[in-house]
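The structure under discussion appears below in the form of structure tokens.
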Amino acid sequence: MYSYIVRRLAFGAVTVVGVSIVVFFVLRVLPGDPLVAIFGPEGLMKLTAEQRASYMAQLGLSDPLIVQYLRWVGDILNGSFGHSFFRSESVAEMIARRGPLTAEIAAISVVLSWLVGIPVAIISALRPNSIGDNISRFLSILFLAIPGFWLAMLIVLALLFGFGYRAPLANVPFFTDPAANLQIVVGPALVLGLGQAAYIARMARSSLLEVVREDYVRTARAKGLNGRLVIALHALPNALLPVVTLSGILLGFVLAGSIPVERAFGTPGLGYAMYTAVSERDIFVMQNLVFLYSIVFVLLNIMVDLTSAWLDPRIRYR
Amino acid sequence: MSVTQPDAALPLQPSRALPSLPRRVARGLRIFARRAPMSAFWGCVAAAIIVMALAAPVIAPKDPTRADFRHMTKPPSALNYFGTDQIGRDTLSRVIYGSRASLTVAAGAVLLGTTLGALWGLACGYFGGRFDIISQRIIEFLQSFPDLILAMAIAMALGAGMGTVIVAIAITRIPFGGRVIRAVVLSLKELSYVEAARGLGASHLRMMGRHILPQCVAPYLILATTHLGVAIIIEAALGFLGVGIPPPTPTWGNMLADSLNAGLVPPWWLVLFPGAAITLTVLAFNLLGDGIRDALDPRLRGAV
């Protein structure tokens, strides 16, 4: 197991370096002129040559690309995520202030997705092609098709028209005012949780259907074990292995999905900051946030691999 | 000469000749409709949406970009069935025209990204070795980003426009095509008919094009239909976040983003209709994709 962990971590480190190169390439090299990304093509036309040169020098953009890359990586290693082009708050402060909210949303949404997805999958898989199975399959396909941010807008509208209610817009940490904090968090968590639940229900259903046909399940039935206990003790734990993997991968996609969902709810989390950075063309904030999100994504993937290796010895001895 | 010649022993019967291609396709579709009526229904919905996009100028009751300042932010009525937005543009016409942007981007991204990925995967699986190892690392780096974030970053870096949105989404599709097709090719390579072809001295190009590529068509079609739905959602999200196709082109994502600017409370008809259009389109393509998967490759039932 330890050698597996070491190998996986080493590989993860290589991935992070590769990811940093991709981020740098996409946001600094691809635009050709970084000022295009900041001002837009029309805005750049209005700048005079001297203005361009002074902006380039001021932002450290006139150095060779490799120097810029190393400086960026060095800053991050020093814990400095740089400054926004438009705001006084440093990116590190922004992450510290807004990050917990988004993390809370992601965590609650994962719990919700299991609470909804697994029972639905069990109902589905125990009686394949029954009415209940067909309904739950259609619902999961429907929730795969509904864009989360649209569902979010509908919920905001329904609450406003139905109850005249709007979730508070100011950021409140959980420990200062749990009630207000939960009102902010519950909407995005519900939307993102239902989206994941659809995937989880599909995966858990097909995995359960496979496991139910295994010999050890038949043996458990043959020795006279109650049908429910067979599912709960023998089938489910084995069927859930691929679901754990999927859930971890989905969590990474939830971080991305929370950007438009937080925008729709007006949630003051990190996803909203990402939206602001994109709409303001704030390339430095964008670069650091994209890098942060992808590091979290890589770490999640490592955790998923280690968890499944821990749960399933066949993987770690390969 | 004692070599048996099976072909000579079995004279070809003229009645066995294959019918023409259109007939075969029509027959295949009939069988598909009989075996999977639900998938066929959703296939018809998808076809209807495609027709709607192609015939938008004929179907749409009004010009989707013309502002009408006498009818601003009006709820649905006999005049404008889906209401109007804050500068009086007809929502129904904008929803109809929005299908053009969505479908063009989705089709372009899938044709470009999934195809490129599939060909790359074909080469990786076929050649193997160092080329394969390096390619897999590059694909893993691309997969280390949630797809929406990568698409956002690329769309922002390249600047707004239909072409950049297509490229941005296409790049996020490459790893999926690469992985799936590579796995298919790896298992195909071991089959005896491929070995036989190699034994006969077929060139690499002939091996890949004539013997391996045709077997990849089914997984490619399944992948492509599923990714159409994903691409439509990403396009809408990009439009919603303001890095999609720039206004005044009507797209469903842009319309949802605009509705948030239409006052403190977004009018319900500006939220409901574009989002319902996205959901219906994605649903149709996903269910069609499921049907195609079941029809082409029953082994994959419930797997993808």
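In the structure tokens, each chain is lettered A, B, ... as it comes, each chain's residues begin at 1, and ligands are numbered from 1 in order of appearance.
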
Chain A residues within 7 Å of chain B, counting only C-alpha atoms: which ones, as an MDAnalysis selection string?
chainID A and resid 15 18:19 26:27 30:31 37 40 142 145:147 150 206 252:253 256 260 275 278:279 290 294 297:298

Excluding Val184 of chain B and its own-chain neighbours fewer than 5 positions away, which residues fall within 10 Å of it when counting only C-alpha atoms? Please give them as an MDAnalysis selection string.
chainID B and resid 121:122 125 179 189 212 215:216 219

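Comparing the minimum interatomic distances between Ser207 of chain A and each of A:Val244, A:Leu139, A:Ala309, A:Leu115, counting only C-alpha atoms, we find that A:Val244 sits nearest.
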
Could you state the separation of atom CA of Arg202 of chain A and atom CA of Leu296 of chain B in Å, given to one decimal place?
20.4 Å

For atom CA of Leu270 of chain B and atom CA of Ala264 of chain A, quote the distance in Å rounded to one decimal.
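So the two atoms, atom CA of Leu270 of chain B and atom CA of Ala264 of chain A, lie 13.8 Å apart.
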